[in-house]
$ cat protein32.txt   # compact mmCIF, C-alpha atoms and all ligand atoms
# COMPACT_ATOMS: atom_id res chain seq x y z
CA MET A 1 33.89 0.59 -3.36
CA LYS A 2 32.04 -1.94 -1.19
CA ILE A 3 28.36 -2.34 -2.12
CA LEU A 4 25.71 -4.06 -0.07
CA VAL A 5 22.53 -5.28 -1.78
CA ILE A 6 19.35 -6.21 0.12
CA GLY A 7 17.06 -8.90 -1.30
CA SER A 8 17.09 -12.53 -2.40
CA GLY A 9 15.25 -12.81 -5.71
CA ALA A 10 16.02 -12.78 -9.41
CA ARG A 11 15.75 -8.98 -9.28
CA GLU A 12 18.68 -8.78 -6.88
CA HIS A 13 20.58 -11.48 -8.81
CA SER A 14 20.31 -9.35 -11.96
CA ILE A 15 21.44 -6.19 -10.12
CA ILE A 16 24.50 -7.98 -8.73
CA TRP A 17 25.20 -9.59 -12.11
CA LYS A 18 25.32 -6.09 -13.61
CA LEU A 19 27.33 -4.58 -10.73
CA ASN A 20 29.89 -7.35 -11.19
CA GLN A 21 30.72 -5.87 -14.60
CA ASP A 22 31.85 -2.58 -13.02
CA LYS A 23 35.58 -2.09 -12.51
CA ASN A 24 35.36 0.23 -9.51
CA ILE A 25 33.81 -2.28 -7.10
CA SER A 26 36.04 -4.10 -4.66
CA LYS A 27 33.34 -6.14 -2.94
CA ILE A 28 29.63 -6.94 -3.17
CA ILE A 29 27.74 -8.38 -0.21
CA CYS A 30 24.12 -9.45 -0.40
CA ILE A 31 21.82 -9.68 2.62
CA GLY A 32 19.54 -12.38 1.24
CA GLU A 33 20.55 -15.31 -0.88
CA ASN A 34 19.76 -17.78 -3.60
CA LYS A 35 22.13 -20.09 -5.43
CA GLY A 36 22.66 -17.67 -8.31
CA ILE A 37 23.54 -14.79 -6.02
CA SER A 38 25.85 -16.86 -3.82
CA GLU A 39 27.80 -17.92 -6.91
CA ILE A 40 28.74 -14.32 -7.72
CA CYS A 41 29.10 -12.55 -4.37
CA GLU A 42 29.31 -12.98 -0.62
CA THR A 43 25.87 -13.61 0.88
CA ILE A 44 24.48 -13.30 4.38
CA ASP A 45 21.31 -15.18 5.31
CA PHE A 46 20.06 -12.66 7.87
CA LYS A 47 16.43 -12.74 8.93
CA TYR A 48 15.51 -9.50 10.66
CA LYS A 49 12.55 -8.97 12.97
CA ASN A 50 12.51 -5.24 12.56
CA ILE A 51 14.15 -2.62 10.46
CA ASN A 52 16.47 -1.55 13.30
CA ASP A 53 18.06 -5.02 13.34
CA LEU A 54 18.72 -4.69 9.63
CA LYS A 55 20.22 -1.23 10.11
CA ASP A 56 22.49 -2.50 12.93
CA LYS A 57 23.69 -5.40 10.79
CA ILE A 58 24.50 -3.05 7.91
CA LEU A 59 26.36 -0.62 10.15
CA VAL A 60 28.66 -3.44 11.26
CA LEU A 61 29.35 -4.37 7.64
CA ASN A 62 30.05 -0.68 6.90
CA PRO A 63 29.46 -0.58 3.12
CA ASP A 64 30.09 2.50 0.95
CA LEU A 65 26.66 2.14 -0.64
CA VAL A 66 23.48 0.16 0.03
CA VAL A 67 21.09 -0.88 -2.76
CA VAL A 68 17.62 -1.93 -1.62
CA GLY A 69 15.73 -4.36 -3.88
CA PRO A 70 12.31 -4.99 -2.28
CA GLU A 71 9.70 -2.43 -1.25
CA ALA A 72 9.18 -3.60 2.35
CA PRO A 73 12.45 -2.29 3.88
CA LEU A 74 12.08 0.96 1.92
CA CYS A 75 8.53 1.49 3.14
CA GLU A 76 9.67 0.71 6.71
CA GLY A 77 12.37 3.37 6.48
CA ILE A 78 15.72 1.61 5.96
CA THR A 79 16.93 4.55 3.87
CA ASN A 80 16.12 7.03 6.65
CA LEU A 81 17.93 4.94 9.27
CA LEU A 82 21.04 4.43 7.15
CA GLU A 83 21.24 8.04 5.98
CA GLU A 84 21.03 9.18 9.62
CA ASN A 85 24.17 7.08 10.07
CA ASN A 86 25.89 8.60 7.01
CA ILE A 87 25.54 5.55 4.79
CA LEU A 88 24.67 6.21 1.15
CA VAL A 89 21.55 4.42 -0.09
CA PHE A 90 19.97 3.83 -3.49
CA GLY A 91 16.26 3.85 -2.70
CA PRO A 92 13.72 6.37 -1.40
CA THR A 93 13.03 7.41 2.18
CA LYS A 94 9.99 6.04 4.00
CA GLU A 95 8.11 9.27 3.24
CA ALA A 96 8.87 9.10 -0.49
CA ALA A 97 8.15 5.35 -0.58
CA LYS A 98 4.56 6.21 0.40
CA ILE A 99 4.04 6.58 -3.30
CA GLU A 100 3.85 2.75 -3.23
CA SER A 101 2.96 1.98 0.38
CA SER A 102 -0.23 4.07 0.43
CA LYS A 103 -2.59 4.13 -2.51
CA THR A 104 -4.55 6.87 -0.73
CA PHE A 105 -1.42 9.01 -0.58
CA SER A 106 -0.51 8.42 -4.23
CA LYS A 107 -4.07 9.01 -5.44
CA GLU A 108 -4.28 12.29 -3.53
CA LEU A 109 -0.90 13.31 -4.92
CA MET A 110 -2.15 12.69 -8.45
CA LEU A 111 -5.54 14.33 -8.02
CA GLN A 112 -4.08 17.42 -6.32
CA ASN A 113 -1.41 17.88 -8.98
CA ASN A 114 -3.47 17.14 -12.09
CA ILE A 115 -1.53 13.98 -12.88
CA PRO A 116 -3.83 11.92 -15.10
CA THR A 117 -5.31 8.91 -13.29
CA ALA A 118 -8.65 7.18 -12.81
CA ASN A 119 -11.05 9.03 -10.51
CA ALA A 120 -11.43 7.45 -7.10
CA ARG A 121 -13.19 7.77 -3.76
CA PHE A 122 -11.75 6.74 -0.40
CA PHE A 123 -13.66 4.56 2.08
CA HIS A 124 -13.29 3.24 5.58
CA SER A 125 -16.90 2.23 6.29
CA PHE A 126 -18.36 -0.91 4.71
CA GLU A 127 -21.85 0.60 4.42
CA ASP A 128 -20.61 3.72 2.61
CA ALA A 129 -18.40 1.67 0.27
CA LYS A 130 -21.28 -0.71 -0.50
CA LYS A 131 -23.69 2.10 -1.27
CA TYR A 132 -21.21 3.84 -3.58
CA SER A 133 -20.15 0.68 -5.41
CA LEU A 134 -23.76 -0.47 -5.95
CA LYS A 135 -24.52 2.91 -7.49
CA LYS A 136 -21.47 2.70 -9.76
CA GLY A 137 -22.01 -0.95 -10.78
CA PHE A 138 -19.50 -3.78 -10.38
CA LYS A 139 -18.37 -3.58 -14.02
CA ASN A 140 -17.23 -0.01 -13.65
CA ILE A 141 -15.03 -0.11 -10.58
CA VAL A 142 -11.75 -1.41 -9.22
CA ILE A 143 -11.35 -1.91 -5.47
CA LYS A 144 -7.89 -1.23 -4.04
CA ALA A 145 -6.53 -1.79 -0.55
CA ASP A 146 -4.60 1.25 0.64
CA GLY A 147 -1.49 -0.51 1.95
CA LEU A 148 1.10 -3.00 0.72
CA ALA A 149 -0.44 -6.36 -0.12
CA GLY A 150 2.25 -8.17 -2.13
CA GLY A 151 0.30 -7.76 -5.38
CA LYS A 152 -2.92 -9.05 -3.79
CA GLY A 153 -4.61 -5.75 -2.97
CA VAL A 154 -6.35 -4.92 -6.27
CA PHE A 155 -9.75 -6.40 -7.10
CA LEU A 156 -11.73 -6.21 -10.34
CA PRO A 157 -15.16 -7.55 -9.29
CA GLU A 158 -16.71 -10.13 -11.60
CA SER A 159 -20.24 -9.77 -10.23
CA GLU A 160 -22.24 -7.76 -7.72
CA ILE A 161 -21.87 -10.55 -5.16
CA ASP A 162 -18.12 -10.71 -5.76
CA MET A 163 -17.95 -6.93 -5.25
CA ILE A 164 -19.82 -7.03 -1.93
CA ASN A 165 -17.78 -10.03 -0.78
CA THR A 166 -14.56 -8.15 -1.52
CA LEU A 167 -15.72 -5.12 0.45
CA ASN A 168 -16.79 -7.41 3.26
CA SER A 169 -13.50 -9.27 3.40
CA LEU A 170 -11.50 -6.03 3.45
CA LEU A 171 -13.60 -3.77 5.66
CA ILE A 172 -15.42 -6.20 7.98
CA GLU A 173 -13.28 -9.36 8.13
CA LYS A 174 -10.08 -7.30 7.67
CA LYS A 175 -8.49 -10.10 5.64
CA LEU A 176 -5.59 -7.89 4.59
CA GLY A 177 -5.19 -6.50 8.10
CA LYS A 178 -4.05 -2.89 8.36
CA SER A 179 -3.33 -2.76 4.60
CA GLY A 180 -7.03 -3.09 3.76
CA VAL A 181 -8.87 -1.06 6.40
CA ASN A 182 -8.81 1.94 4.11
CA ILE A 183 -9.76 1.35 0.51
CA LEU A 184 -10.09 3.18 -2.77
CA ILE A 185 -12.91 2.57 -5.18
CA GLU A 186 -11.55 3.60 -8.53
CA ASP A 187 -13.24 4.05 -11.90
CA LYS A 188 -12.30 1.24 -14.25
CA ILE A 189 -10.29 2.45 -17.22
CA TYR A 190 -9.32 0.66 -20.41
CA GLY A 191 -6.33 0.37 -22.71
CA PRO A 192 -2.93 -1.27 -23.08
CA GLU A 193 -0.67 -1.16 -20.02
CA VAL A 194 2.97 -0.19 -19.82
CA SER A 195 5.44 0.15 -16.95
CA ILE A 196 7.82 3.08 -17.16
CA PHE A 197 11.12 2.84 -15.30
CA THR A 198 13.19 5.95 -14.63
CA PHE A 199 16.28 6.35 -12.50
CA THR A 200 16.00 9.63 -10.61
CA ASP A 201 17.59 11.63 -7.81
CA GLY A 202 14.35 13.53 -7.35
CA THR A 203 15.15 16.25 -9.88
CA THR A 204 17.06 14.71 -12.75
CA ILE A 205 15.67 11.68 -14.52
CA SER A 206 17.22 9.11 -16.83
CA GLU A 207 15.92 8.23 -20.24
CA PRO A 208 12.96 5.97 -19.38
CA ILE A 209 12.66 2.34 -20.39
CA ALA A 210 9.17 0.98 -21.16
CA VAL A 211 8.31 -2.62 -20.31
CA CYS A 212 5.11 -4.67 -20.61
CA ASP A 213 4.57 -7.34 -18.00
CA TYR A 214 2.27 -10.33 -17.56
CA LYS A 215 0.70 -10.58 -14.12
CA ARG A 216 -1.74 -13.49 -14.51
CA VAL A 217 -0.38 -16.96 -13.97
CA TYR A 218 -1.69 -18.66 -17.14
CA ASN A 219 -1.72 -18.01 -20.88
CA ASN A 220 -4.32 -15.57 -22.23
CA ASN A 221 -4.17 -13.72 -18.90
CA GLU A 222 -6.12 -16.38 -17.06
CA GLY A 223 -5.80 -17.44 -13.44
CA PRO A 224 -4.84 -15.40 -10.38
CA ASN A 225 -2.43 -12.48 -10.25
CA THR A 226 1.23 -13.20 -9.55
CA GLY A 227 4.33 -11.12 -8.93
CA GLY A 228 4.93 -11.38 -12.68
CA MET A 229 5.31 -14.24 -15.17
CA GLY A 230 7.34 -12.49 -17.83
CA CYS A 231 7.85 -9.22 -19.67
CA TYR A 232 9.24 -7.61 -22.82
CA THR A 233 10.64 -4.33 -24.02
CA PRO A 234 9.86 -2.15 -25.89
CA PRO A 235 6.05 -2.33 -26.20
CA GLU A 236 4.74 -2.55 -29.77
CA PHE A 237 2.86 0.77 -29.27
CA TRP A 238 5.85 2.67 -27.79
CA ASN A 239 7.02 5.78 -29.65
CA GLU A 240 8.71 9.14 -29.06
CA GLU A 241 5.44 11.08 -28.92
CA LEU A 242 3.96 8.80 -26.24
CA LYS A 243 7.20 8.97 -24.27
CA GLN A 244 7.19 12.78 -24.32
CA ILE A 245 3.55 12.94 -23.17
CA ILE A 246 4.26 10.55 -20.32
CA LEU A 247 7.34 12.49 -19.22
CA LYS A 248 5.59 15.87 -19.41
CA ASP A 249 2.20 14.92 -17.96
CA ILE A 250 3.19 12.19 -15.49
CA ILE A 251 6.84 11.66 -14.58
CA TYR A 252 8.00 15.26 -14.12
CA PRO A 253 4.80 16.37 -12.31
CA THR A 254 5.10 13.34 -10.01
CA LEU A 255 8.68 14.15 -9.04
CA ASN A 256 7.97 17.86 -8.73
CA SER A 257 5.00 17.28 -6.46
CA MET A 258 7.05 14.94 -4.24
CA LYS A 259 9.72 17.64 -4.01
CA LYS A 260 7.08 20.25 -3.16
CA LEU A 261 5.94 18.06 -0.26
CA GLY A 262 9.51 18.08 1.06
CA THR A 263 9.92 14.37 0.34
CA PRO A 264 11.83 14.10 -2.95
CA PHE A 265 11.82 10.66 -4.52
CA LYS A 266 15.21 9.16 -5.30
CA GLY A 267 15.83 5.70 -6.62
CA MET A 268 13.96 3.81 -9.30
CA LEU A 269 10.53 5.23 -10.05
CA TYR A 270 8.32 2.53 -11.55
CA THR A 271 5.08 3.96 -12.90
CA GLY A 272 2.30 1.65 -14.08
CA ILE A 273 0.31 3.37 -16.82
CA MET A 274 -2.72 2.58 -18.93
CA ILE A 275 -2.94 4.17 -22.39
CA THR A 276 -6.63 5.12 -22.53
CA ASN A 277 -8.52 6.89 -25.31
CA ASP A 278 -8.08 10.06 -23.23
CA GLY A 279 -4.32 9.56 -23.04
CA PRO A 280 -1.99 7.85 -20.57
CA LYS A 281 -3.24 7.51 -16.98
CA VAL A 282 -1.40 6.26 -13.90
CA ILE A 283 -2.60 2.99 -12.36
CA GLU A 284 0.02 2.73 -9.65
CA TYR A 285 3.49 3.75 -8.59
CA ASN A 286 6.19 1.51 -7.18
CA CYS A 287 9.29 2.72 -5.39
CA ARG A 288 11.73 0.08 -6.71
CA PHE A 289 12.64 -2.10 -9.68
CA GLY A 290 9.94 -4.52 -10.84
CA ASP A 291 10.54 -8.25 -10.79
CA PRO A 292 10.91 -9.75 -13.48
CA GLU A 293 11.25 -6.35 -15.23
CA CYS A 294 14.62 -5.77 -13.56
CA GLU A 295 15.93 -9.00 -15.12
CA LEU A 296 15.38 -7.34 -18.50
CA ILE A 297 16.37 -3.80 -17.50
CA MET A 298 19.82 -4.86 -16.24
CA PRO A 299 20.84 -6.59 -19.51
CA MET A 300 19.39 -3.63 -21.47
CA LEU A 301 21.41 -1.07 -19.48
CA ASP A 302 24.52 0.24 -21.14
CA GLY A 303 26.36 2.03 -18.37
CA ASN A 304 28.22 1.78 -15.11
CA LEU A 305 25.51 0.79 -12.63
CA SER A 306 27.50 1.54 -9.47
CA GLU A 307 28.18 5.11 -10.67
CA ILE A 308 24.48 5.53 -11.42
CA PHE A 309 23.53 4.25 -7.95
CA LEU A 310 26.20 6.39 -6.29
CA GLY A 311 25.19 9.60 -8.09
CA ILE A 312 21.54 9.09 -7.18
CA SER A 313 22.32 8.25 -3.56
CA LYS A 314 24.22 11.58 -3.33
CA SER A 315 21.38 13.44 -5.13
CA ASN A 316 23.88 14.31 -7.82
CA PHE A 317 22.80 12.15 -10.73
CA ASN A 318 24.49 12.43 -14.13
CA ASN A 319 21.76 11.03 -16.34
CA ASN A 320 24.14 10.66 -19.29
CA LEU A 321 25.37 7.56 -17.51
CA VAL A 322 22.12 5.76 -18.38
CA LYS A 323 21.94 4.48 -21.94
CA TRP A 324 19.68 1.71 -23.18
CA LYS A 325 20.92 -0.80 -25.74
CA ASN A 326 19.32 -0.63 -29.13
CA LYS A 327 17.86 -4.11 -28.68
CA LYS A 328 14.56 -5.80 -27.92
CA GLY A 329 14.19 -8.14 -24.99
CA VAL A 330 12.03 -10.82 -23.43
CA SER A 331 12.07 -12.42 -19.96
CA VAL A 332 10.13 -15.54 -18.96
CA VAL A 333 9.71 -16.85 -15.42
CA ILE A 334 9.77 -20.60 -14.70
CA CYS A 335 7.59 -21.40 -11.70
CA SER A 336 6.84 -24.32 -9.41
CA GLU A 337 3.47 -26.10 -9.51
CA GLY A 338 0.93 -24.41 -7.23
CA TYR A 339 2.36 -20.88 -7.55
CA PRO A 340 1.04 -18.26 -6.75
CA GLU A 341 -0.81 -20.20 -4.06
CA ASP A 342 0.68 -23.20 -2.21
CA TYR A 343 3.73 -24.85 -3.72
CA LYS A 344 6.32 -27.30 -2.46
CA LYS A 345 10.04 -26.62 -2.30
CA GLY A 346 13.14 -28.77 -2.63
CA PHE A 347 12.79 -30.22 -6.16
CA GLU A 348 16.10 -30.76 -7.92
CA ILE A 349 16.70 -28.39 -10.84
CA ILE A 350 18.77 -29.69 -13.74
CA GLY A 351 19.87 -28.40 -17.12
CA LEU A 352 20.94 -24.82 -16.40
CA GLU A 353 24.43 -25.54 -17.72
CA ASN A 354 22.94 -26.42 -21.12
CA ILE A 355 21.37 -22.99 -21.66
CA ASN A 356 22.88 -21.12 -24.60
CA LYS A 357 25.23 -18.39 -23.33
CA ASN A 358 23.23 -15.65 -25.10
CA THR A 359 20.31 -16.30 -22.78
CA ILE A 360 20.88 -15.13 -19.24
CA CYS A 361 19.65 -17.28 -16.41
CA PHE A 362 18.71 -15.46 -13.20
CA HIS A 363 17.85 -17.37 -10.05
CA ALA A 364 14.72 -16.51 -8.03
CA GLY A 365 13.78 -19.18 -5.44
CA THR A 366 16.74 -21.58 -5.56
CA LYS A 367 19.24 -22.97 -3.08
CA GLU A 368 21.86 -25.66 -2.71
CA LEU A 369 20.91 -28.75 -0.72
CA ASP A 370 23.27 -31.72 -0.28
CA GLY A 371 25.32 -30.52 -3.25
CA LYS A 372 22.27 -30.23 -5.51
CA LEU A 373 20.47 -27.18 -6.88
CA VAL A 374 16.86 -27.27 -5.64
CA THR A 375 13.75 -25.08 -5.81
CA ASN A 376 13.19 -22.76 -2.87
CA GLY A 377 10.22 -20.64 -3.96
CA GLY A 378 7.27 -20.29 -6.32
CA ARG A 379 9.14 -18.31 -8.94
CA VAL A 380 12.31 -20.31 -9.53
CA ILE A 381 14.30 -19.29 -12.62
CA VAL A 382 14.03 -16.30 -14.97
CA LEU A 383 15.46 -16.46 -18.49
CA SER A 384 16.24 -13.18 -20.29
CA ASN A 385 17.29 -12.65 -23.86
CA LEU A 386 18.08 -9.62 -26.00
CA ASP A 387 18.12 -9.64 -29.79
CA GLU A 388 17.34 -7.52 -32.84
CA SER A 389 13.59 -8.20 -32.65
CA ILE A 390 11.02 -9.44 -30.16
CA LYS A 391 10.42 -12.37 -32.48
CA LEU A 392 14.07 -13.48 -32.30
CA SER A 393 14.29 -12.82 -28.60
CA ARG A 394 11.16 -14.90 -27.94
CA ALA A 395 12.40 -17.71 -30.14
CA ASN A 396 15.76 -17.76 -28.32
CA ILE A 397 14.04 -18.07 -24.94
CA TYR A 398 11.49 -20.68 -25.89
CA GLU A 399 14.15 -22.80 -27.64
CA GLU A 400 16.14 -22.94 -24.40
CA ILE A 401 13.46 -23.04 -21.73
CA ASN A 402 12.74 -26.77 -21.81
CA LYS A 403 16.36 -27.48 -20.95
CA VAL A 404 15.55 -26.31 -17.40
CA LYS A 405 13.83 -29.19 -15.64
CA PHE A 406 12.35 -29.76 -12.20
CA LEU A 407 9.27 -31.58 -10.94
CA GLY A 408 6.15 -29.48 -11.47
CA SER A 409 7.86 -26.69 -13.44
CA PHE A 410 5.67 -24.50 -15.63
CA TYR A 411 5.80 -21.18 -17.48
CA ARG A 412 3.61 -19.10 -19.78
CA THR A 413 4.14 -19.75 -23.47
CA ASP A 414 2.61 -16.49 -24.67
CA ILE A 415 5.01 -13.90 -23.24
CA ALA A 416 5.53 -11.12 -25.85
CA LEU A 417 3.51 -13.04 -28.43
CA LYS A 418 1.33 -10.01 -29.15
CA ALA A 419 4.44 -7.91 -29.86
CA GLU A 420 6.16 -10.49 -32.03
CA GLU A 421 5.15 -9.22 -35.45
CA LYS A 422 5.79 -5.53 -34.79
P1 LIG B 1 -1.91 -2.78 -9.60
O1 LIG B 1 -1.54 -3.80 -8.57
O2 LIG B 1 -2.33 -1.46 -9.06
O3 LIG B 1 -0.89 -2.71 -10.72
O4 LIG B 1 -3.20 -3.37 -10.33
C1 LIG B 1 -3.19 -4.68 -10.86
C2 LIG B 1 -3.88 -4.66 -12.19
O5 LIG B 1 -5.23 -4.25 -12.03
C3 LIG B 1 -3.30 -3.67 -13.18
O6 LIG B 1 -2.20 -4.19 -13.86
C4 LIG B 1 -4.48 -3.42 -14.10
O7 LIG B 1 -4.57 -4.42 -15.08
C5 LIG B 1 -5.67 -3.54 -13.16
N1 LIG B 1 -6.14 -2.20 -12.77
C6 LIG B 1 -5.72 -1.44 -11.73
N2 LIG B 1 -6.38 -0.27 -11.69
C7 LIG B 1 -7.24 -0.28 -12.71
C8 LIG B 1 -8.23 0.64 -13.20
N3 LIG B 1 -8.47 1.80 -12.60
N4 LIG B 1 -8.95 0.28 -14.28
C9 LIG B 1 -8.73 -0.91 -14.89
N5 LIG B 1 -7.84 -1.82 -14.48
C10 LIG B 1 -7.09 -1.51 -13.41
N1 LIG B 2 6.28 -7.24 -11.73
C1 LIG B 2 5.52 -6.43 -10.90
C2 LIG B 2 6.19 -5.91 -9.71
O1 LIG B 2 7.38 -6.06 -9.51
O2 LIG B 2 5.53 -5.25 -8.91

$ encode --input "protein32.txt" --output "structure tokens"
Amino acid sequence: MKILVIGSGAREHSIIWKLNQDKNISKIICIGENKGISEICETIDFKYKNINDLKDKILVLNPDLVVVGPEAPLCEGITNLLEENNILVFGPTKEAAKIESSKTFSKELMLQNNIPTANARFFHSFEDAKKYSLKKGFKNIVIKADGLAGGKGVFLPESEIDMINTLNSLLIEKKLGKSGVNILIEDKIYGPEVSIFTFTDGTTISEPIAVCDYKRVYNNNEGPNTGGMGCYTPPEFWNEELKQIILKDIIYPTLNSMKKLGTPFKGMLYTGIMITNDGPKVIEYNCRFGDPECELIMPMLDGNLSEIFLGISKSNFNNNLVKWKNKKGVSVVICSEGYPEDYKKGFEIIGLENINKNTICFHAGTKELDGKLVTNGGRVIVLSNLDESIKLSRANIYEEINKVKFLGSFYRTDIALKAEEK
């Protein structure tokens, strides 16, 4: 079987690392590259202007199966275009990917199908949004841009002025362009957060895996939001009862309501949930693996990944193929100074060869330049470790992490700290 993977981050590196363990694969090609990926498969550095170019390129390569890492090509409809050309794809259609690409769509889906979530109102007009948010009070709301915003579309106002400025920048200045011209003003809810990952073909789901991530750039959840600075599994509050409630009240109703709309969701359903005093409530859906969550999910997966992908792409998923190791795990992201805002690229990275073999090193923004490994992004390297406890897993990572060196490197030192003693 020839598999083609789309994407160039640590998420895709971890997927290819796992696929490489399968016996039934003859070739893996990745459209997108970093140094880690190019060490383990053939890579193509193909920049596409539109989704049709990407489709044409893939048709020439003629793979048996395509695995899509990032949300953008899914939301633009790469699955639709490839399936029309009889190519199997792991990843939802454009219509099903709306669960991530439109917060208005996903909120309506939840409200109409009694899937627990924070109440919300939709706005297009600045004046209406201002009036409503002033009545609610800045402390009680969350402002969300409707469309994709690369993790930058959710605002928790810190003052009344901040709230009005946010509304102004979205609805008047249109700072997020099309993504922000429609907004949601959502009630603020409280409680620990967990991300639930389930493989699904739209009907059958795998055993879920629960992961907690860290979005803020600095320790103690300070600084701006990022794509993710680290994560761990399982959460200290995770148990069978909570899992069953989430499956019954959230995951199954979500998939059933997508099916009812005629747009079944197949791929990796990533549901962000807050455990409130009134029970679990959905904060957001994503239509793909999380990053860095995937770098933990792949090592945790006990099963033949290509068979899982293939079954789902044919809507014929045998969920017995998905087993999770009886381990605990931690991932920590090493970033380049300035991330998530401006950062420089091209700093030499040394020390990866000294990392203990039990800790897996996934590449995010890296490349080879004049025979040297250099930084090529804001998130640079992700270290993942599994062990018998979170405490051991954390210790393994933080013992190794200083071996990776480049100018301006930094990472959070508190990933999974709160779960360590459980
Ligand atoms: P999102 O990009 O939708 O995951 O939102 C980013 C972060 O904003 C989440 O991880 C939550 O911490 C926070 N958030 C989103 N929606 C709410 C809400 N309704 N109430 C409280 N916090 C929220
Ligand atoms: N780690 C968050 C995300 O992938 O969206």

$ closest_residue --input "protein32.txt" --among "A:Ile25, A:Val68, A:Cys361, A:Leu171" --to "Leu296 of chain A" --atoms "only C-alpha atoms"
A:Cys361

$ residues_around --input "protein32.txt" --residues "segment 104-121 of chain A" --least-positions-apart "4" --cutoff "8 Å" --atoms "all atoms listed in the file" --output "ChimeraX atom specification"
/A:98-100,146,183-189,249-250,253-254,257,280-285

$ residues_around --input "protein32.txt" --residues "Leu369 of chain A" --least-positions-apart "4" --cutoff "12 Å" --atoms "all atoms listed in the file" --output "MDAnalysis selection string"
chainID A and resid 34:35 345:349 373:376

$ atom_distance --input "protein32.txt" --atom1 "atom CA of Gly91 of chain A" --atom2 "atom CA of Val66 of chain A"
8.6 Å

$ residues_near_ligand --input "protein32.txt" --ligand "ligand LIG 1 (chain B)" --cutoff "10 Å" --atoms "only C-alpha atoms and all ligand atoms" --output "PyMOL selection string"
chain A and resi 100+103+117-120+140-145+148-156+185-195+212-216+225-227+271-274+276+281-286

$ write_last_selection --input "protein32.txt" --atoms "C-alpha atoms" --output "PDB file, in the coordinates of the input"
ATOM      1  CA  GLU A 100       3.850   2.750  -3.230  1.00  0.00           C
ATOM      2  CA  LYS A 103      -2.590   4.130  -2.510  1.00  0.00           C
ATOM      3  CA  THR A 117      -5.310   8.910 -13.290  1.00  0.00           C
ATOM      4  CA  ALA A 118      -8.650   7.180 -12.810  1.00  0.00           C
ATOM      5  CA  ASN A 119     -11.050   9.030 -10.510  1.00  0.00           C
ATOM      6  CA  ALA A 120     -11.430   7.450  -7.100  1.00  0.00           C
ATOM      7  CA  ASN A 140     -17.230  -0.010 -13.650  1.00  0.00           C
ATOM      8  CA  ILE A 141     -15.030  -0.110 -10.580  1.00  0.00           C
ATOM      9  CA  VAL A 142     -11.750  -1.410  -9.220  1.00  0.00           C
ATOM     10  CA  ILE A 143     -11.350  -1.910  -5.470  1.00  0.00           C
ATOM     11  CA  LYS A 144      -7.890  -1.230  -4.040  1.00  0.00           C
ATOM     12  CA  ALA A 145      -6.530  -1.790  -0.550  1.00  0.00           C
ATOM     13  CA  LEU A 148       1.100  -3.000   0.720  1.00  0.00           C
ATOM     14  CA  ALA A 149      -0.440  -6.360  -0.120  1.00  0.00           C
ATOM     15  CA  GLY A 150       2.250  -8.170  -2.130  1.00  0.00           C
ATOM     16  CA  GLY A 151       0.300  -7.760  -5.380  1.00  0.00           C
ATOM     17  CA  LYS A 152      -2.920  -9.050  -3.790  1.00  0.00           C
ATOM     18  CA  GLY A 153      -4.610  -5.750  -2.970  1.00  0.00           C
ATOM     19  CA  VAL A 154      -6.350  -4.920  -6.270  1.00  0.00           C
ATOM     20  CA  PHE A 155      -9.750  -6.400  -7.100  1.00  0.00           C
ATOM     21  CA  LEU A 156     -11.730  -6.210 -10.340  1.00  0.00           C
ATOM     22  CA  ILE A 185     -12.910   2.570  -5.180  1.00  0.00           C
ATOM     23  CA  GLU A 186     -11.550   3.600  -8.530  1.00  0.00           C
ATOM     24  CA  ASP A 187     -13.240   4.050 -11.900  1.00  0.00           C
ATOM     25  CA  LYS A 188     -12.300   1.240 -14.250  1.00  0.00           C
ATOM     26  CA  ILE A 189     -10.290   2.450 -17.220  1.00  0.00           C
ATOM     27  CA  TYR A 190      -9.320   0.660 -20.410  1.00  0.00           C
ATOM     28  CA  GLY A 191      -6.330   0.370 -22.710  1.00  0.00           C
ATOM     29  CA  PRO A 192      -2.930  -1.270 -23.080  1.00  0.00           C
ATOM     30  CA  GLU A 193      -0.670  -1.160 -20.020  1.00  0.00           C
ATOM     31  CA  VAL A 194       2.970  -0.190 -19.820  1.00  0.00           C
ATOM     32  CA  SER A 195       5.440   0.150 -16.950  1.00  0.00           C
ATOM     33  CA  CYS A 212       5.110  -4.670 -20.610  1.00  0.00           C
ATOM     34  CA  ASP A 213       4.570  -7.340 -18.000  1.00  0.00           C
ATOM     35  CA  TYR A 214       2.270 -10.330 -17.560  1.00  0.00           C
ATOM     36  CA  LYS A 215       0.700 -10.580 -14.120  1.00  0.00           C
ATOM     37  CA  ARG A 216      -1.740 -13.490 -14.510  1.00  0.00           C
ATOM     38  CA  ASN A 225      -2.430 -12.480 -10.250  1.00  0.00           C
ATOM     39  CA  THR A 226       1.230 -13.200  -9.550  1.00  0.00           C
ATOM     40  CA  GLY A 227       4.330 -11.120  -8.930  1.00  0.00           C
ATOM     41  CA  THR A 271       5.080   3.960 -12.900  1.00  0.00           C
ATOM     42  CA  GLY A 272       2.300   1.650 -14.080  1.00  0.00           C
ATOM     43  CA  ILE A 273       0.310   3.370 -16.820  1.00  0.00           C
ATOM     44  CA  MET A 274      -2.720   2.580 -18.930  1.00  0.00           C
ATOM     45  CA  THR A 276      -6.630   5.120 -22.530  1.00  0.00           C
ATOM     46  CA  LYS A 281      -3.240   7.510 -16.980  1.00  0.00           C
ATOM     47  CA  VAL A 282      -1.400   6.260 -13.900  1.00  0.00           C
ATOM     48  CA  ILE A 283      -2.600   2.990 -12.360  1.00  0.00           C
ATOM     49  CA  GLU A 284       0.020   2.730  -9.650  1.00  0.00           C
ATOM     50  CA  TYR A 285       3.490   3.750  -8.590  1.00  0.00           C
ATOM     51  CA  ASN A 286       6.190   1.510  -7.180  1.00  0.00           C
TER      52      ASN A 286
END
